[in-house]
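Source file coords_38.cif; content: mmCIF, C-alpha atoms and all ligand atoms.
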data_target
#
loop_
_atom_site.label_atom_id
_atom_site.label_comp_id
_atom_site.auth_asym_id
_atom_site.auth_seq_id
_atom_site.Cartn_x
_atom_site.Cartn_y
_atom_site.Cartn_z
CA MET A 1 7.53 -17.80 -14.86
CA LYS A 2 8.24 -14.09 -14.76
CA PHE A 3 6.12 -11.48 -12.97
CA GLU A 4 4.20 -10.26 -16.04
CA THR A 5 3.18 -13.81 -16.99
CA ARG A 6 2.10 -14.77 -13.49
CA ALA A 7 0.08 -11.54 -13.21
CA ILE A 8 -2.05 -12.74 -16.11
CA HIS A 9 -2.18 -16.50 -15.55
CA THR A 10 -1.66 -17.46 -11.89
CA GLY A 11 -4.87 -18.46 -10.11
CA GLN A 12 -6.80 -18.28 -13.34
CA SER A 13 -7.49 -20.83 -16.06
CA ALA A 14 -10.27 -21.28 -18.59
CA ASP A 15 -13.64 -22.42 -17.21
CA PRO A 16 -13.79 -26.24 -17.68
CA THR A 17 -17.57 -26.24 -18.30
CA THR A 18 -17.75 -23.68 -21.11
CA GLY A 19 -14.16 -22.92 -22.10
CA ALA A 20 -14.65 -19.27 -21.16
CA VAL A 21 -11.14 -17.77 -21.07
CA ILE A 22 -12.15 -15.47 -18.23
CA PRO A 23 -13.64 -17.59 -15.43
CA PRO A 24 -17.15 -16.56 -14.37
CA LEU A 25 -17.81 -14.46 -11.28
CA TYR A 26 -18.98 -16.71 -8.46
CA LEU A 27 -21.76 -14.72 -6.83
CA SER A 28 -23.34 -17.68 -5.05
CA THR A 29 -23.34 -17.37 -1.26
CA THR A 30 -23.79 -21.10 -0.73
CA TYR A 31 -22.86 -24.44 -2.33
CA GLN A 32 -24.80 -27.65 -2.82
CA GLN A 33 -23.59 -30.62 -0.78
CA GLU A 34 -23.88 -34.26 -1.92
CA SER A 35 -24.60 -35.45 1.58
CA PRO A 36 -24.05 -33.61 4.89
CA GLY A 37 -20.40 -32.52 5.01
CA VAL A 38 -19.57 -33.95 1.56
CA HIS A 39 -18.84 -31.11 -0.85
CA LYS A 40 -16.29 -29.76 -3.35
CA GLY A 41 -14.41 -27.63 -0.81
CA TYR A 42 -16.93 -24.79 -0.78
CA GLU A 43 -19.71 -24.38 1.80
CA TYR A 44 -20.46 -20.69 2.33
CA SER A 45 -18.90 -17.70 0.57
CA ARG A 46 -17.67 -15.87 3.68
CA SER A 47 -15.42 -18.88 4.27
CA GLN A 48 -14.51 -19.87 0.68
CA ASN A 49 -15.22 -18.24 -2.66
CA PRO A 50 -13.61 -19.24 -5.99
CA THR A 51 -13.34 -15.67 -7.33
CA ARG A 52 -11.62 -14.51 -4.14
CA GLU A 53 -9.29 -17.54 -4.15
CA SER A 54 -8.26 -16.74 -7.70
CA LEU A 55 -7.19 -13.21 -6.69
CA GLU A 56 -5.44 -14.49 -3.57
CA ALA A 57 -3.41 -17.07 -5.50
CA CYS A 58 -2.29 -14.43 -8.01
CA LEU A 59 -1.32 -11.84 -5.37
CA ALA A 60 0.56 -14.40 -3.24
CA SER A 61 2.62 -15.29 -6.29
CA LEU A 62 3.32 -11.66 -7.28
CA GLU A 63 4.55 -10.80 -3.76
CA GLY A 64 6.69 -13.93 -3.64
CA GLY A 65 4.75 -15.14 -0.60
CA ALA A 66 3.26 -18.48 0.42
CA ALA A 67 -0.36 -17.35 0.76
CA CYS A 68 -2.68 -14.34 0.66
CA ALA A 69 -5.94 -13.26 2.27
CA ALA A 70 -8.02 -10.58 0.51
CA PHE A 71 -10.06 -8.02 2.46
CA SER A 72 -12.83 -5.48 1.91
CA SER A 73 -10.35 -2.57 2.24
CA GLY A 74 -6.75 -1.81 3.14
CA LEU A 75 -7.89 -0.90 6.64
CA ALA A 76 -9.83 -4.17 7.04
CA ALA A 77 -6.55 -5.96 6.22
CA THR A 78 -4.74 -3.74 8.75
CA ASN A 79 -7.41 -4.48 11.35
CA ALA A 80 -6.99 -8.24 10.88
CA LEU A 81 -3.22 -8.08 11.43
CA LEU A 82 -3.66 -5.94 14.56
CA GLN A 83 -6.29 -8.32 15.95
CA MET A 84 -3.70 -11.10 16.00
CA LEU A 85 -2.07 -9.24 18.90
CA ARG A 86 -3.08 -9.42 22.59
CA PRO A 87 -3.53 -6.64 25.16
CA GLY A 88 -0.10 -5.78 26.57
CA ASP A 89 1.73 -6.68 23.35
CA GLY A 90 4.21 -4.12 22.03
CA PHE A 91 3.87 -2.54 18.60
CA VAL A 92 6.34 -0.33 16.75
CA ALA A 93 4.68 2.18 14.43
CA GLY A 94 6.76 3.48 11.53
CA HIS A 95 7.84 7.12 11.64
CA ASP A 96 5.37 8.07 8.92
CA LEU A 97 2.22 5.98 8.41
CA TYR A 98 -1.01 6.32 6.47
CA GLY A 99 -3.42 8.49 8.51
CA GLY A 100 -6.08 5.79 8.71
CA THR A 101 -3.56 3.33 10.16
CA PHE A 102 -2.69 5.86 12.89
CA ARG A 103 -6.37 6.50 13.63
CA LEU A 104 -7.07 2.77 14.02
CA LEU A 105 -4.06 2.37 16.32
CA HIS A 106 -4.86 5.35 18.51
CA SER A 107 -8.64 5.25 18.66
CA VAL A 108 -9.18 1.48 18.81
CA PHE A 109 -6.09 -0.60 19.59
CA GLU A 110 -4.33 1.61 22.19
CA PRO A 111 -7.47 1.91 24.37
CA TRP A 112 -7.86 -1.88 23.96
CA GLY A 113 -4.39 -2.41 25.45
CA LEU A 114 -1.80 -2.39 22.66
CA GLU A 115 1.45 -0.73 23.74
CA VAL A 116 2.56 1.49 20.85
CA ALA A 117 6.02 3.02 20.38
CA ARG A 118 6.76 5.18 17.38
CA ALA A 119 10.02 5.19 15.45
CA GLU A 120 11.18 8.80 15.53
CA SER A 121 12.73 8.75 12.07
CA ALA A 122 13.14 6.52 9.01
CA LYS A 123 16.53 5.28 10.27
CA PRO A 124 16.79 1.59 11.32
CA GLU A 125 18.34 2.78 14.64
CA ALA A 126 15.10 4.66 15.40
CA TYR A 127 13.11 1.45 14.88
CA GLU A 128 15.56 -0.43 17.10
CA ARG A 129 15.21 2.21 19.86
CA ALA A 130 11.41 1.89 19.69
CA LEU A 131 11.71 -1.92 19.89
CA SER A 132 13.95 -1.71 22.96
CA SER A 133 11.47 0.63 24.73
CA LEU A 134 8.71 -2.00 24.69
CA GLN A 135 8.09 -4.66 27.36
CA ARG A 136 6.88 -7.30 24.90
CA PRO A 137 7.66 -6.28 21.31
CA ARG A 138 5.55 -8.32 18.89
CA MET A 139 5.13 -6.39 15.66
CA VAL A 140 6.86 -3.67 13.62
CA TRP A 141 4.82 -1.81 11.00
CA LEU A 142 6.39 0.32 8.31
CA GLU A 143 5.70 1.93 4.96
CA SER A 144 8.26 2.58 2.25
CA PRO A 145 8.03 4.89 0.36
CA THR A 146 6.02 6.91 2.88
CA ASN A 147 3.16 9.32 2.58
CA PRO A 148 3.33 12.26 1.89
CA LEU A 149 7.08 12.94 2.10
CA ILE A 150 8.28 9.96 0.00
CA ASP A 151 10.91 8.84 2.55
CA LEU A 152 12.36 5.35 2.30
CA VAL A 153 12.95 2.83 5.07
CA ASP A 154 15.62 0.13 4.83
CA ILE A 155 13.36 -2.94 4.97
CA ARG A 156 16.16 -5.46 5.40
CA ALA A 157 17.84 -3.58 8.26
CA VAL A 158 14.54 -3.04 10.13
CA SER A 159 13.52 -6.68 9.59
CA ASP A 160 16.83 -7.91 10.98
CA ALA A 161 16.44 -5.68 14.04
CA ALA A 162 12.82 -6.77 14.61
CA HIS A 163 13.70 -10.45 14.36
CA ARG A 164 16.43 -10.00 16.99
CA TYR A 165 13.53 -9.00 19.30
CA ASN A 166 11.32 -11.87 18.04
CA ALA A 167 8.92 -9.32 16.57
CA GLN A 168 7.14 -9.78 13.23
CA VAL A 169 7.47 -7.24 10.43
CA VAL A 170 4.61 -5.88 8.35
CA VAL A 171 5.41 -3.73 5.31
CA ASP A 172 2.57 -1.69 3.84
CA ASN A 173 3.64 -2.08 0.20
CA THR A 174 0.80 0.01 -1.26
CA PHE A 175 2.99 2.81 -2.68
CA ALA A 176 5.60 0.51 -4.26
CA THR A 177 3.51 -2.52 -5.38
CA PRO A 178 5.11 -5.97 -5.71
CA TYR A 179 6.33 -5.01 -9.18
CA LEU A 180 8.72 -2.41 -7.75
CA GLN A 181 9.50 -3.86 -4.32
CA GLN A 182 9.29 -7.29 -2.67
CA PRO A 183 9.31 -6.87 1.12
CA LEU A 184 9.14 -10.62 1.86
CA ALA A 185 12.38 -11.23 -0.04
CA LEU A 186 13.93 -8.44 2.06
CA GLY A 187 13.03 -10.20 5.32
CA ALA A 188 9.51 -8.97 6.14
CA ASP A 189 6.88 -11.45 7.38
CA TYR A 190 3.82 -9.80 5.86
CA ALA A 191 3.20 -7.48 2.91
CA LEU A 192 -0.01 -5.48 3.20
CA HIS A 193 -1.92 -3.68 0.43
CA SER A 194 -4.63 -1.22 -0.10
CA THR A 195 -5.56 -2.79 -3.45
CA THR A 196 -7.67 0.35 -3.92
CA LYS A 197 -4.53 2.07 -5.24
CA TYR A 198 -2.09 0.74 -7.89
CA LEU A 199 -3.24 -2.91 -7.84
CA GLY A 200 -6.83 -2.08 -8.75
CA GLY A 201 -5.34 0.83 -10.67
CA HIS A 202 -8.49 2.47 -12.03
CA SER A 203 -9.95 4.22 -8.96
CA ASP A 204 -13.12 2.11 -9.10
CA VAL A 205 -12.74 -0.50 -6.34
CA ILE A 206 -11.89 -0.48 -2.61
CA GLY A 207 -9.97 -3.51 -1.36
CA GLY A 208 -7.10 -4.83 0.74
CA ALA A 209 -4.83 -7.84 1.02
CA VAL A 210 -2.25 -9.48 3.28
CA VAL A 211 0.44 -11.74 1.81
CA ALA A 212 2.46 -13.87 4.25
CA ARG A 213 5.95 -15.33 3.94
CA THR A 214 4.70 -18.79 5.08
CA GLU A 215 1.38 -20.66 5.18
CA GLU A 216 1.67 -20.82 8.95
CA LEU A 217 1.96 -17.02 9.24
CA LEU A 218 -1.20 -16.56 7.19
CA GLU A 219 -3.30 -18.98 9.24
CA PRO A 220 -4.36 -16.53 11.99
CA VAL A 221 -5.03 -13.86 9.33
CA ARG A 222 -7.27 -16.17 7.35
CA TYR A 223 -9.04 -17.16 10.56
CA LEU A 224 -9.89 -13.49 11.23
CA GLN A 225 -10.87 -12.88 7.59
CA ASN A 226 -13.64 -15.46 8.02
CA THR A 227 -14.44 -15.12 11.73
CA ALA A 228 -14.71 -11.33 11.73
CA GLY A 229 -16.23 -11.25 8.22
CA LEU A 230 -13.68 -8.86 6.69
CA ILE A 231 -14.12 -10.24 3.18
CA PRO A 232 -14.34 -8.43 -0.18
CA GLY A 233 -17.23 -9.17 -2.53
CA PRO A 234 -16.66 -11.25 -5.69
CA LEU A 235 -17.03 -8.32 -8.10
CA ASP A 236 -14.43 -6.35 -6.14
CA CYS A 237 -12.06 -9.33 -6.28
CA TYR A 238 -12.60 -9.59 -10.02
CA LEU A 239 -11.85 -5.89 -10.57
CA VAL A 240 -8.63 -6.06 -8.54
CA GLN A 241 -7.50 -9.16 -10.41
CA ARG A 242 -8.22 -7.46 -13.73
CA GLY A 243 -6.04 -4.58 -12.50
CA LEU A 244 -3.18 -6.96 -11.69
CA LYS A 245 -2.97 -8.07 -15.31
CA THR A 246 -1.78 -4.63 -16.43
CA LEU A 247 0.14 -3.75 -13.26
CA ALA A 248 3.60 -4.15 -14.83
CA VAL A 249 2.90 -2.03 -17.92
CA ARG A 250 1.09 0.60 -15.87
CA MET A 251 3.92 0.83 -13.31
CA ASP A 252 6.54 1.18 -16.05
CA ARG A 253 4.58 4.14 -17.41
CA HIS A 254 3.85 5.65 -13.95
CA CYS A 255 7.59 5.52 -13.19
CA ALA A 256 8.70 6.92 -16.55
CA ASN A 257 6.16 9.76 -16.37
CA ALA A 258 7.09 10.59 -12.77
CA MET A 259 10.81 10.69 -13.63
CA GLN A 260 10.22 13.00 -16.60
CA LEU A 261 7.93 15.24 -14.55
CA ALA A 262 10.31 15.34 -11.55
CA GLU A 263 13.19 16.43 -13.80
CA ALA A 264 11.01 19.10 -15.42
CA LEU A 265 9.82 20.32 -11.99
CA CYS A 266 13.43 20.90 -10.91
CA GLU A 267 13.66 23.57 -13.63
CA MET A 268 10.39 25.33 -12.78
CA LYS A 269 10.10 28.57 -10.78
CA GLY A 270 8.00 28.91 -7.63
CA LEU A 271 9.03 25.60 -6.07
CA SER A 272 11.27 25.32 -3.02
CA ARG A 273 11.52 21.51 -3.08
CA VAL A 274 10.93 18.58 -5.45
CA ILE A 275 10.89 15.24 -3.63
CA TYR A 276 11.24 12.11 -5.79
CA PRO A 277 13.43 9.10 -4.96
CA GLY A 278 14.58 8.91 -8.59
CA LEU A 279 16.34 12.29 -8.31
CA PRO A 280 20.02 11.90 -7.37
CA ASP A 281 19.63 14.57 -4.65
CA HIS A 282 16.93 12.56 -2.79
CA PRO A 283 18.53 11.52 0.53
CA ASP A 284 17.43 7.89 -0.01
CA HIS A 285 18.30 7.67 -3.71
CA ALA A 286 20.92 4.93 -3.12
CA LEU A 287 18.55 2.91 -0.92
CA ALA A 288 15.79 3.27 -3.52
CA LYS A 289 18.12 1.89 -6.20
CA ARG A 290 19.00 -1.07 -3.99
CA GLN A 291 15.53 -1.85 -2.69
CA MET A 292 13.24 -1.01 -5.61
CA ARG A 293 13.13 -1.86 -9.31
CA ALA A 294 12.22 1.75 -10.17
CA PHE A 295 11.19 4.84 -8.23
CA GLY A 296 7.39 4.82 -8.34
CA GLY A 297 4.72 7.29 -9.39
CA MET A 298 4.51 9.58 -6.36
CA ILE A 299 6.13 13.04 -6.20
CA ALA A 300 5.91 15.71 -3.50
CA ILE A 301 6.53 19.37 -4.27
CA GLU A 302 6.73 22.39 -2.00
CA LEU A 303 5.45 25.71 -3.27
CA ALA A 304 7.75 28.52 -2.17
CA ASP A 305 4.85 30.87 -1.36
CA GLY A 306 3.16 28.53 1.11
CA PHE A 307 -0.46 27.70 1.89
CA GLU A 308 -2.27 30.12 -0.45
CA ALA A 309 0.03 29.34 -3.38
CA ALA A 310 -0.47 25.60 -2.87
CA LYS A 311 -4.25 25.99 -2.70
CA ALA A 312 -4.27 28.15 -5.83
CA PHE A 313 -2.10 25.60 -7.67
CA CYS A 314 -4.54 22.80 -6.78
CA THR A 315 -7.45 24.71 -8.31
CA LYS A 316 -5.55 25.66 -11.49
CA VAL A 317 -4.46 22.22 -12.64
CA ARG A 318 -6.60 20.86 -15.50
CA ILE A 319 -5.40 17.31 -16.17
CA PHE A 320 -4.47 16.57 -12.56
CA SER A 321 -7.62 16.30 -10.43
CA LEU A 322 -7.68 17.58 -6.87
CA ALA A 323 -8.63 14.42 -4.98
CA GLU A 324 -7.52 12.06 -2.24
CA SER A 325 -6.19 8.58 -3.04
CA LEU A 326 -3.50 7.61 -5.56
CA GLY A 327 -2.34 4.93 -7.93
CA GLY A 328 -5.01 5.21 -10.62
CA VAL A 329 -4.37 5.69 -14.34
CA GLU A 330 -5.42 9.32 -13.98
CA SER A 331 -3.16 11.94 -12.38
CA LEU A 332 -4.25 13.36 -9.02
CA CYS A 333 -2.95 16.08 -6.74
CA SER A 334 -3.64 16.68 -3.09
CA HIS A 335 -2.73 19.25 -0.45
CA PRO A 336 -1.89 17.19 2.67
CA PRO A 337 -1.95 20.16 5.13
CA SER A 338 -5.62 20.85 4.36
CA MET A 339 -6.72 17.34 3.29
CA THR A 340 -5.23 14.03 4.53
CA HIS A 341 -3.18 15.64 7.35
CA ALA A 342 -5.58 18.44 8.35
CA SER A 343 -6.27 16.73 11.70
CA VAL A 344 -2.54 16.76 12.60
CA PRO A 345 -1.81 19.97 14.62
CA ALA A 346 0.06 22.56 12.50
CA ALA A 347 3.16 22.56 14.75
CA ASP A 348 3.30 18.75 14.59
CA ARG A 349 2.93 18.86 10.82
CA ARG A 350 5.81 21.27 10.43
CA ALA A 351 7.99 19.23 12.80
CA ARG A 352 7.37 16.26 10.50
CA GLY A 353 8.38 18.28 7.45
CA ILE A 354 4.84 18.70 6.08
CA SER A 355 4.99 22.40 5.26
CA ASP A 356 1.94 24.49 4.29
CA GLY A 357 3.12 24.64 0.67
CA LEU A 358 3.37 20.86 0.25
CA VAL A 359 1.47 19.28 -2.65
CA ARG A 360 1.46 15.55 -3.37
CA LEU A 361 1.22 14.32 -6.95
CA SER A 362 0.06 10.86 -8.00
CA VAL A 363 1.42 10.77 -11.54
CA GLY A 364 -0.89 8.90 -13.91
CA ILE A 365 -0.22 7.23 -17.24
CA GLU A 366 -1.36 10.07 -19.51
CA ASP A 367 1.13 11.61 -21.95
CA ALA A 368 4.09 12.94 -19.94
CA ASP A 369 4.43 16.16 -21.99
CA ASP A 370 0.78 16.98 -21.30
CA LEU A 371 1.37 16.47 -17.56
CA VAL A 372 4.46 18.71 -17.57
CA ALA A 373 2.54 21.41 -19.46
CA ASP A 374 -0.37 21.18 -17.01
CA ILE A 375 1.87 21.73 -13.99
CA ARG A 376 3.73 24.56 -15.74
CA GLN A 377 0.52 26.47 -16.50
CA ALA A 378 -0.84 25.91 -12.97
CA LEU A 379 2.34 27.31 -11.42
C1 LIG B 1 -5.15 4.00 1.11
C2 LIG B 1 -4.10 3.41 1.97
C3 LIG B 1 -4.43 2.56 3.03
C4 LIG B 1 -5.87 2.22 3.40
O1 LIG B 1 -6.51 1.51 2.43
P1 LIG B 1 -8.12 1.58 2.14
O2 LIG B 1 -8.28 0.68 0.99
O3 LIG B 1 -8.45 3.01 1.88
O4 LIG B 1 -8.77 1.08 3.39
C5 LIG B 1 -3.40 2.00 3.76
N1 LIG B 1 -2.11 2.29 3.49
C6 LIG B 1 -1.76 3.12 2.50
C7 LIG B 1 -0.31 3.42 2.26
C8 LIG B 1 -2.74 3.72 1.71
O5 LIG B 1 -2.37 4.58 0.74
#
Transcribe the structure of this file into structure tokens.
Amino acid sequence: MKFETRAIHTGQSADPTTGAVIPPLYLSTTYQQESPGVHKGYEYSRSQNPTRESLEACLASLEGGAACAAFSSGLAATNALLQMLRPGDGFVAGHDLYGGTFRLLHSVFEPWGLEVARAESAKPEAYERALSSLQRPRMVWLESPTNPLIDLVDIRAVSDAAHRYNAQVVVDNTFATPYLQQPLALGADYALHSTTKYLGGHSDVIGGAVVARTEELLEPVRYLQNTAGLIPGPLDCYLVQRGLKTLAVRMDRHCANAMQLAEALCEMKGLSRVIYPGLPDHPDHALAKRQMRAFGGMIAIELADGFEAAKAFCTKVRIFSLAESLGGVESLCSHPPSMTHASVPAADRRARGISDGLVRLSVGIEDADDLVADIRQAL
């Protein structure tokens, strides 16, 4: 079956008791046993829950993986993967990672004994150099496209390099979603999600997930999901799974709107840069065409007049809301230098290409002409 069909049907069938087309939410924390140890496969909801299993089956299928474990947030999923490592293990951090991932690495896992090397750029050679600098390389972690500069990383090339060092590869696929990009088919071992973003899709649920290439790879992740109690609640699982059903149609619209807006932005005054992988002048345009189905819903723009101009722009938009996060049906804008990346020292920020005039747009699924008009009036 194709993606759109599996998104609606995998892991979900009508309730055998009542015929309800949408299976009920299983809120029960515990399950009746016939005699001690004789039960229907469910004992206690931290360990097994039918609503969570339904979401996990669907997500595993959409990512083209063998199995999935759902978590209470993207960072809980990240934490579980990092806890599989041992003190002294080597870890390669992608050149540009979500701020919360960096914070967890630096404030928790480095003091605990993880040896972290950072890839200095998006190039596969930079990942290879970081791998070769480690005593005991075990895991490579990357995002593509990245936040906030919308760079791309060649997932196949980095996976091949990591496997030469016997290291596992985790791709944070939050920005692309499995509809646009399938990291496991490109050689990665794990695909990670903040389901809070496009998968949930309506900015009303926090969640995370890990999908593994094989059952065996997921085993330690599932062990930590239960043992450390990193589970999502049943209602959260239900909301994410409801989001999955419309993922394909939403992503088509996010991508079409972002393309139209990016092209319109190129003609507008007051901008020094428009960064969108769908534009032929994006340095990774060819890689994006090879690695992704379409170019996604995230655009970065740079206001020529810097910090004050960017701040003014963010207060003048009417349809776009000034807010963190991304991937919902509604359009959002954010100013990384004063929001998500405010804790990064200014010199560091500029060295990474995050200028004071940078604004990140999460393009929603409203009418594209309305979105173009909103940006034009704000500029
Ligand atoms: C939001 C986000 C996360 C963290 O997910 P939470 O659900 O907020 O814990 C991780 N990676 C990326 C790329 C994100 O955008």
Selection within 7 Å of ligand LIG 1 (chain B) by only C-alpha atoms and all ligand atoms, output as a PyMOL selection string: chain A and resi 73-76+98+100-101+143+147+172+174-175+193-197+206-208+325
Nearest to A:Tyr44 by atom-to-atom distance, counting all atoms listed in the file, from A:Gly229, A:Gly99, A:Pro24, A:Gly187: A:Gly229
What lies within 10 Å of A:Pro87 using only C-alpha atoms, ignoring chain neighbours under 4 positions off, as a PDB file with C-alpha atoms, in the frame of the given file?
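The resulting file, around-v3.pdb, is shown below:
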ATOM      1  CA  GLN A  83      -6.290  -8.320  15.950  1.00  0.00           C
ATOM      2  CA  PHE A 109      -6.090  -0.600  19.590  1.00  0.00           C
ATOM      3  CA  GLU A 110      -4.330   1.610  22.190  1.00  0.00           C
ATOM      4  CA  PRO A 111      -7.470   1.910  24.370  1.00  0.00           C
ATOM      5  CA  TRP A 112      -7.860  -1.880  23.960  1.00  0.00           C
ATOM      6  CA  GLY A 113      -4.390  -2.410  25.450  1.00  0.00           C
ATOM      7  CA  LEU A 114      -1.800  -2.390  22.660  1.00  0.00           C
ATOM      8  CA  GLU A 115       1.450  -0.730  23.740  1.00  0.00           C
TER       9      GLU A 115
END
With 12 Å as the cut-off and only C-alpha atoms counted, what is the closest atom pair between each nearby residue of stretch 14-115 of chain A and stretch 345-368 of chain A? Distances in Å to one decimal, ordered by chain and number, as JSON lines.
{"residue": "A:His95", "atom": "CA", "partner": "A:Arg352", "partner_atom": "CA", "distance": 9.2}
{"residue": "A:Asp96", "atom": "CA", "partner": "A:Arg352", "partner_atom": "CA", "distance": 8.6}
{"residue": "A:Leu97", "atom": "CA", "partner": "A:Arg352", "partner_atom": "CA", "distance": 11.7}
Protein/DNA/RNA residues near (15.3, -1.5, 1.9), cut 8 Å, only C-alpha atoms, as a ChimeraX atom specification: /A:152-157,186,287-288,290-292
Ref. answer, residues at most 6 Å from (-12.8, -11.6, -6.4) with all atoms listed in the file, as a list of chain:residue names: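 Residues with an atom at most 6 Å from (-12.8, -11.6, -6.4): A:Thr51, A:Arg52, A:Leu55, A:Pro234, A:Leu235, A:Asp236, A:Cys237, A:Tyr238.
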Those selected residues, please, written with C-alpha atoms and delivered as a PDB file, in the frame of the given file.
ATOM      1  CA  THR A  51     -13.340 -15.670  -7.330  1.00  0.00           C
ATOM      2  CA  ARG A  52     -11.620 -14.510  -4.140  1.00  0.00           C
ATOM      3  CA  LEU A  55      -7.190 -13.210  -6.690  1.00  0.00           C
ATOM      4  CA  PRO A 234     -16.660 -11.250  -5.690  1.00  0.00           C
ATOM      5  CA  LEU A 235     -17.030  -8.320  -8.100  1.00  0.00           C
ATOM      6  CA  ASP A 236     -14.430  -6.350  -6.140  1.00  0.00           C
ATOM      7  CA  CYS A 237     -12.060  -9.330  -6.280  1.00  0.00           C
ATOM      8  CA  TYR A 238     -12.600  -9.590 -10.020  1.00  0.00           C
TER       9      TYR A 238
END
List every residue of stretch 163-241 of chain A that has an atom at most 12 Å from any atom of stretch 331-341 of chain A, and for each one report the closest atom pair and its distance in Å to one decimal, counting only C-alpha atoms, with rows sorted by chain and then by increasing residue number, as a Markdown table.
| residue | atom | partner | partner_atom | distance |
| --- | --- | --- | --- | --- |
| A:Lys197 | CA | A:Leu332 | CA | 11.9 |
| A:Gly201 | CA | A:Ser331 | CA | 11.5 |
| A:His202 | CA | A:Ser331 | CA | 10.9 |
| A:Ser203 | CA | A:Leu332 | CA | 10.8 |
Nearest-residue call for A:Leu81, choices A:Leu131, A:Val210, A:Ala167, A:Cys255, using all atoms listed in the file: A:Val210
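Atom CA of A:Leu244 is found 12.0 Å from atom CA of A:Gln12.
In this model, the gap between atom CA of A:Cys314 and atom CA of A:Phe102 comes to 26.0 Å.
The space separating atom CA of A:Pro283 from atom CA of A:Ala262 comes to 15.1 Å.
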Within 10 Å of A:Val140 using only C-alpha atoms, minus same-chain residues under 6 positions, as number ranges by chain: A: 90-94, 116-119, 127-128, 130-131, 158-159, 161-163, 167-171, 188-189
